[in-house]
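Listing of entry-v3.txt; format and content: compact mmCIF, C-alpha atoms.
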# COMPACT_ATOMS: atom_id res chain seq x y z
CA ARG X 1 -5.01 12.07 19.70
CA LEU X 2 -7.91 14.47 20.25
CA GLY X 3 -10.92 14.44 22.56
CA SER X 4 -11.71 12.77 25.85
CA GLY X 5 -14.84 10.76 25.11
CA LYS X 6 -15.54 7.44 26.80
CA LYS X 7 -15.49 5.66 23.44
CA THR X 8 -12.42 5.55 21.21
CA ALA X 9 -12.26 5.97 17.44
CA VAL X 10 -9.27 5.16 15.25
CA LEU X 11 -8.90 6.78 11.81
CA LEU X 12 -7.17 4.79 9.04
CA HIS X 13 -6.18 6.55 5.81
CA GLY X 14 -5.73 5.15 2.32
CA PHE X 15 -2.83 4.25 0.03
CA GLY X 16 -0.28 7.05 -0.31
CA GLY X 17 -2.04 9.18 2.32
CA ASP X 18 -1.41 9.98 5.95
CA LEU X 19 -3.28 11.03 9.08
CA ASN X 20 -3.69 14.56 7.66
CA ASN X 21 -6.25 13.15 5.20
CA PHE X 22 -8.65 13.43 8.16
CA LEU X 23 -7.83 17.09 8.79
CA PHE X 24 -11.47 18.13 8.31
CA ASN X 25 -12.89 15.28 10.41
CA HIS X 26 -10.62 14.69 13.39
CA SER X 27 -11.59 17.61 15.61
CA VAL X 28 -15.32 17.31 14.88
CA LEU X 29 -15.39 13.59 15.65
CA ALA X 30 -13.41 14.28 18.82
CA GLU X 31 -16.42 16.18 20.18
CA GLN X 32 -17.94 12.76 20.90
CA HIS X 33 -15.03 10.32 21.09
CA THR X 34 -11.38 10.10 21.96
CA VAL X 35 -9.98 9.99 18.43
CA TYR X 36 -6.62 8.69 17.23
CA ALA X 37 -5.49 9.31 13.65
CA VAL X 38 -2.62 7.03 12.68
CA ASP X 39 -0.06 6.79 9.89
CA LEU X 40 -0.18 3.30 8.40
CA PRO X 41 3.07 1.36 7.86
CA GLY X 42 5.05 2.89 5.00
CA HIS X 43 3.18 6.18 5.27
CA GLY X 44 3.55 9.54 6.97
CA SER X 45 5.82 9.38 10.01
CA SER X 46 5.52 5.61 10.43
CA SER X 47 8.29 3.12 9.72
CA LYS X 48 8.87 2.49 6.05
CA THR X 49 9.24 -1.24 6.77
CA VAL X 50 6.03 -2.94 5.61
CA GLY X 51 6.90 -6.65 5.61
CA ASP X 52 5.01 -8.35 2.79
CA GLY X 53 2.72 -5.32 2.46
CA SER X 54 -0.41 -7.42 2.84
CA LEU X 55 -3.71 -6.39 4.40
CA ALA X 56 -3.22 -9.11 7.01
CA SER X 57 0.18 -7.68 7.96
CA MET X 58 -1.15 -4.13 8.29
CA ALA X 59 -4.23 -5.29 10.21
CA ALA X 60 -1.90 -7.08 12.63
CA THR X 61 0.02 -3.81 13.08
CA ILE X 62 -3.21 -1.96 13.94
CA GLN X 63 -4.15 -4.75 16.35
CA GLN X 64 -0.77 -4.33 18.08
CA LEU X 65 -1.26 -0.56 18.21
CA LEU X 66 -4.65 -0.94 19.91
CA LEU X 67 -3.13 -3.28 22.46
CA GLU X 68 -0.24 -0.91 23.18
CA LEU X 69 -2.65 2.02 23.60
CA GLY X 70 -4.83 -0.03 25.91
CA ILE X 71 -7.85 0.23 23.60
CA ALA X 72 -10.11 -2.77 24.22
CA ARG X 73 -12.69 -1.85 21.56
CA ALA X 74 -12.54 0.82 18.88
CA ASP X 75 -14.89 2.49 16.44
CA LEU X 76 -12.92 2.34 13.18
CA VAL X 77 -13.25 5.09 10.57
CA ALA X 78 -11.35 3.96 7.51
CA HIS X 79 -10.80 5.31 4.00
CA SER X 80 -9.98 3.35 0.85
CA MET X 81 -7.16 0.86 1.57
CA GLY X 82 -7.66 1.66 5.25
CA GLY X 83 -11.17 0.28 4.86
CA ALA X 84 -9.85 -3.04 3.59
CA ILE X 85 -7.49 -3.13 6.57
CA ALA X 86 -10.40 -2.39 8.92
CA LEU X 87 -12.45 -5.18 7.34
CA GLN X 88 -9.52 -7.56 7.68
CA LEU X 89 -9.07 -6.67 11.35
CA THR X 90 -12.81 -7.08 11.97
CA LYS X 91 -12.69 -10.50 10.31
CA THR X 92 -9.74 -11.75 12.37
CA GLU X 93 -10.30 -9.89 15.66
CA PRO X 94 -14.01 -8.97 15.84
CA GLY X 95 -13.80 -8.40 19.59
CA LEU X 96 -11.60 -5.35 19.02
CA VAL X 97 -14.06 -3.57 16.73
CA ASN X 98 -17.12 -1.80 18.10
CA SER X 99 -18.29 -0.38 14.76
CA LEU X 100 -17.12 0.33 11.22
CA VAL X 101 -17.34 3.48 9.13
CA LEU X 102 -16.04 2.63 5.66
CA ILE X 103 -15.35 5.60 3.38
CA ALA X 104 -14.84 4.77 -0.32
CA SER X 105 -13.51 1.50 0.99
CA ALA X 106 -11.40 -1.07 -0.77
CA GLY X 107 -12.25 -4.70 -0.13
CA LEU X 108 -15.94 -4.55 -1.10
CA GLY X 109 -15.54 -5.55 -4.74
CA PRO X 110 -12.87 -6.32 -7.35
CA GLU X 111 -12.92 -3.10 -9.40
CA ILE X 112 -10.26 -0.47 -8.74
CA ASN X 113 -8.39 2.13 -10.79
CA ALA X 114 -5.11 0.25 -10.96
CA GLY X 115 -3.74 2.84 -13.38
CA TYR X 116 -4.08 5.50 -10.71
CA LEU X 117 -2.31 3.35 -8.11
CA ARG X 118 0.57 2.56 -10.45
CA GLY X 119 0.77 6.15 -11.69
CA PHE X 120 0.86 7.55 -8.16
CA THR X 121 3.53 5.05 -7.13
CA GLU X 122 5.75 5.55 -10.15
CA SER X 123 5.49 9.35 -10.55
CA ARG X 124 8.71 11.18 -9.78
CA SER X 125 7.87 14.75 -10.78
CA ARG X 126 5.12 17.34 -10.29
CA ARG X 127 4.13 17.04 -13.96
CA GLU X 128 3.77 13.26 -13.70
CA LEU X 129 2.04 13.20 -10.33
CA LYS X 130 -0.56 15.96 -10.65
CA PRO X 131 -2.95 14.32 -13.16
CA HIS X 132 -3.06 11.17 -11.04
CA VAL X 133 -3.81 13.01 -7.80
CA GLN X 134 -6.52 15.07 -9.53
CA GLN X 135 -8.44 11.83 -10.07
CA LEU X 136 -9.04 11.68 -6.31
CA PHE X 137 -11.41 14.66 -6.35
CA HIS X 138 -14.67 15.71 -7.99
CA ASP X 139 -13.15 19.21 -8.11
CA PRO X 140 -9.57 18.88 -9.43
CA SER X 141 -8.78 22.50 -8.51
CA LEU X 142 -8.44 21.27 -4.91
CA VAL X 143 -5.13 19.73 -5.94
CA THR X 144 -2.91 22.74 -5.30
CA ARG X 145 0.78 23.11 -5.98
CA GLN X 146 1.40 22.68 -2.23
CA VAL X 147 -0.50 19.37 -2.17
CA ILE X 148 1.72 18.03 -4.96
CA GLU X 149 4.91 19.34 -3.37
CA ASP X 150 4.02 17.72 -0.03
CA LEU X 151 3.36 14.38 -1.75
CA LEU X 152 6.63 14.54 -3.68
CA LYS X 153 8.50 15.35 -0.47
CA TYR X 154 7.00 12.23 1.12
CA LYS X 155 7.70 10.06 -1.91
CA ARG X 156 11.37 11.08 -1.87
CA LEU X 157 11.93 9.90 1.71
CA ASP X 158 14.23 6.92 2.10
CA GLY X 159 12.30 3.67 1.86
CA VAL X 160 9.00 5.13 0.69
CA GLN X 161 9.20 4.07 -2.95
CA GLN X 162 9.95 0.46 -2.03
CA ALA X 163 7.26 0.45 0.67
CA LEU X 164 4.59 1.73 -1.73
CA GLN X 165 5.61 -0.77 -4.41
CA THR X 166 5.53 -3.66 -1.94
CA ILE X 167 2.05 -2.70 -0.74
CA LEU X 168 0.84 -2.18 -4.30
CA ASP X 169 2.14 -5.57 -5.44
CA SER X 170 0.19 -7.21 -2.62
CA PHE X 171 -2.91 -5.06 -3.09
CA ILE X 172 -3.68 -5.40 -6.80
CA GLU X 173 -3.51 -8.24 -9.29
CA GLY X 174 -3.55 -7.07 -12.88
CA GLU X 175 -6.29 -4.44 -13.06
CA THR X 176 -8.31 -5.51 -10.02
CA GLN X 177 -8.02 -5.77 -6.26
CA ALA X 178 -6.04 -8.90 -5.47
CA ALA X 179 -8.80 -10.17 -3.22
CA ALA X 180 -11.99 -8.59 -2.01
CA VAL X 181 -11.98 -8.97 1.75
CA SER X 182 -14.72 -11.21 3.06
CA ARG X 183 -17.88 -9.23 3.73
CA GLN X 184 -18.36 -11.36 6.81
CA ALA X 185 -18.04 -8.27 9.04
CA LEU X 186 -20.96 -6.65 7.20
CA GLU X 187 -23.34 -9.59 7.37
CA PRO X 188 -26.34 -9.41 9.74
CA GLY X 189 -25.05 -10.08 13.22
CA GLY X 190 -21.69 -8.47 12.45
CA VAL X 191 -20.50 -5.14 13.78
CA PRO X 192 -22.68 -2.05 13.12
CA SER X 193 -21.48 -0.53 9.84
CA LEU X 194 -21.86 2.69 7.86
CA VAL X 195 -20.60 2.94 4.27
CA ILE X 196 -20.03 6.37 2.69
CA TRP X 197 -19.05 7.04 -0.94
CA GLY X 198 -18.63 9.93 -3.33
CA ALA X 199 -20.82 9.56 -6.39
CA ASP X 200 -17.98 10.70 -8.67
CA ASP X 201 -15.32 8.36 -7.26
CA ARG X 202 -12.85 7.56 -10.05
CA ILE X 203 -10.68 5.24 -7.96
CA ILE X 204 -13.16 2.72 -6.52
CA PRO X 205 -16.68 2.80 -8.00
CA ALA X 206 -19.56 3.99 -5.85
CA ASP X 207 -21.44 0.88 -7.03
CA HIS X 208 -19.59 -0.94 -4.24
CA ALA X 209 -21.85 0.88 -1.79
CA ARG X 210 -24.83 -0.92 -3.31
CA GLY X 211 -25.92 -4.49 -2.83
CA LEU X 212 -24.69 -4.60 0.77
CA PRO X 213 -26.75 -6.29 3.49
CA GLU X 214 -29.82 -4.31 4.55
CA THR X 215 -28.35 -3.96 8.02
CA VAL X 216 -25.53 -1.78 6.60
CA GLU X 217 -26.30 1.93 6.33
CA ALA X 218 -24.98 3.22 2.98
CA ARG X 219 -24.83 6.84 1.78
CA VAL X 220 -23.58 8.14 -1.57
CA LEU X 221 -22.82 11.89 -1.67
CA GLU X 222 -23.18 13.86 -4.89
CA LYS X 223 -20.41 16.10 -6.25
CA CYS X 224 -17.74 14.25 -4.27
CA GLY X 225 -14.92 12.00 -5.44
CA HIS X 226 -12.72 9.44 -3.74
CA MET X 227 -11.70 11.93 -1.04
CA VAL X 228 -15.34 12.36 -0.03
CA HIS X 229 -14.39 12.93 3.61
CA MET X 230 -12.51 16.05 2.49
CA GLU X 231 -14.80 17.35 -0.27
CA GLY X 232 -17.97 16.58 1.66
CA ALA X 233 -16.51 16.88 5.15
CA ALA X 234 -19.51 18.52 6.82
CA ALA X 235 -21.94 15.90 5.50
CA VAL X 236 -19.57 13.02 6.28
CA ASN X 237 -18.97 14.25 9.83
CA ARG X 238 -22.70 14.55 10.41
CA LEU X 239 -23.33 11.04 9.08
CA ILE X 240 -20.64 9.57 11.34
CA LEU X 241 -21.81 11.38 14.47
CA ASP X 242 -25.43 10.39 13.80
CA PHE X 243 -24.33 6.78 13.23
CA TRP X 244 -22.38 6.73 16.49
CA SER X 245 -25.34 8.23 18.35
CA GLY X 246 -27.81 5.80 16.82

Target encoding structure tokens, full file:
Amino acid sequence: RLGSGKKTAVLLHGFGGDLNNFLFNHSVLAEQHTVYAVDLPGHGSSSKTVGDGSLASMAATIQQLLLELGIARADLVAHSMGGAIALQLTKTEPGLVNSLVLIASAGLGPEINAGYLRGFTESRSRRELKPHVQQLFHDPSLVTRQVIEDLLKYKRLDGVQQALQTILDSFIEGETQAAAVSRQALEPGGVPSLVIWGADDRIIPADHARGLPETVEARVLEKCGHMVHMEGAAAVNRLILDFWSG
């Protein structure tokens, strides 16, 4: 938790990530809000028990977390799979969500790089893992030896492999997302929403930022990949703060 703003933001990372994925955003966003970055079930320091691994299950976990923290309404900032979880929570518990910032979000269309997800999940060595992780970035040189070592250390923790596989089996069907979450939350009259994408996203296509309702603000940033909130952190932070102020 950082900041002491009157409004509260909750940051939700993507598949295989953790709260450190928001390392370049957390402190800046905390200038305006009280900001919590969380580890999703099966990830980071959270329990490696994920139930059926479904979006509904993880959204229910976030709902319980908000209740336990005494957060009546939150501004959600969510990346990739975290975005699909945020959309699911907004669909089932709209009263808990003040606004949505969806970054390279899952749940907005069927296309996804299933090969990446399987490769990341199944990789057991640095040599196997590195080419998959490099797909996350426009600039693959950002994937340092330390990044790979940290990921392998996480993947070797008891229960992680099974947790990732369970989530993956629920999340994709063949080569596509198992089910695009209803866009109900993004329809006119829904919660205020900002969608941000990297133009060079090789995991979920930036085309998913197009064709959304006119009431949704959508921005596609050049020379950024799936981890647009890291590669284009300054621009992403500015977009979020402007959106919150608007």

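Of the residues under consideration (X:Ala234, X:Met81, X:Leu239, X:Ala163), X:Ala234 shows the shortest atom-to-atom contact distance to Ser27 in chain X when counting all atoms listed in the file.
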
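Nearest residue to Leu164 in chain X, choosing from X:Leu117, X:Ile240, X:Ile148, X:Met230 and counting all atoms listed in the file: X:Leu117.
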
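Every protein, DNA or RNA residue with an atom at most 12 Å from Val147 in chain X, where all atoms listed in the file count and chain neighbours fewer than 2 positions away do not, is listed here: X:Gly17, X:Asn20, X:Asn21, X:Arg126, X:Leu129, X:Lys130, X:Val133, X:Gln134, X:Pro140, X:Ser141, X:Leu142, X:Val143, X:Thr144, X:Arg145, X:Glu149, X:Asp150, X:Leu151, X:Leu152, X:Lys153, X:Tyr154.
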
The residue from X:Gln162, X:Asn113, X:Asn25, X:Thr90 with the smallest atom-to-atom distance to Glu187 in chain X, counting all atoms listed in the file, is X:Thr90

Report as a VMD selection string all protein, DNA and RNA residues lying within 10 Å of Pro192 in chain X, evaluated on all atoms listed in the file, omitting residues in the same chain fewer than 2 positions from it.
chain X and resid 75 97 to 101 185 to 190 194 215 to 217 243 to 244

Separation of CA of Val10 in chain X from CA of Ala78 in chain X, in Å and rounded to one decimal
8.1 Å

How big is the axis-aligned box around the listed atoms of range 157-169 of chain X once 8 Å is added on each side, and where is its centre? Give both in Å to one decimal, as lines of an AutoDock Vina configuration file.
center_x = 7.5
center_y = 2.2
center_z = -1.7
size_x = 29.4
size_y = 31.5
size_z = 23.5

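Closest approach to Leu19 in chain X among X:Gly82, X:Pro110, X:Gly115, X:Gly44 is made by X:Gly44 (distances from all atoms listed in the file).
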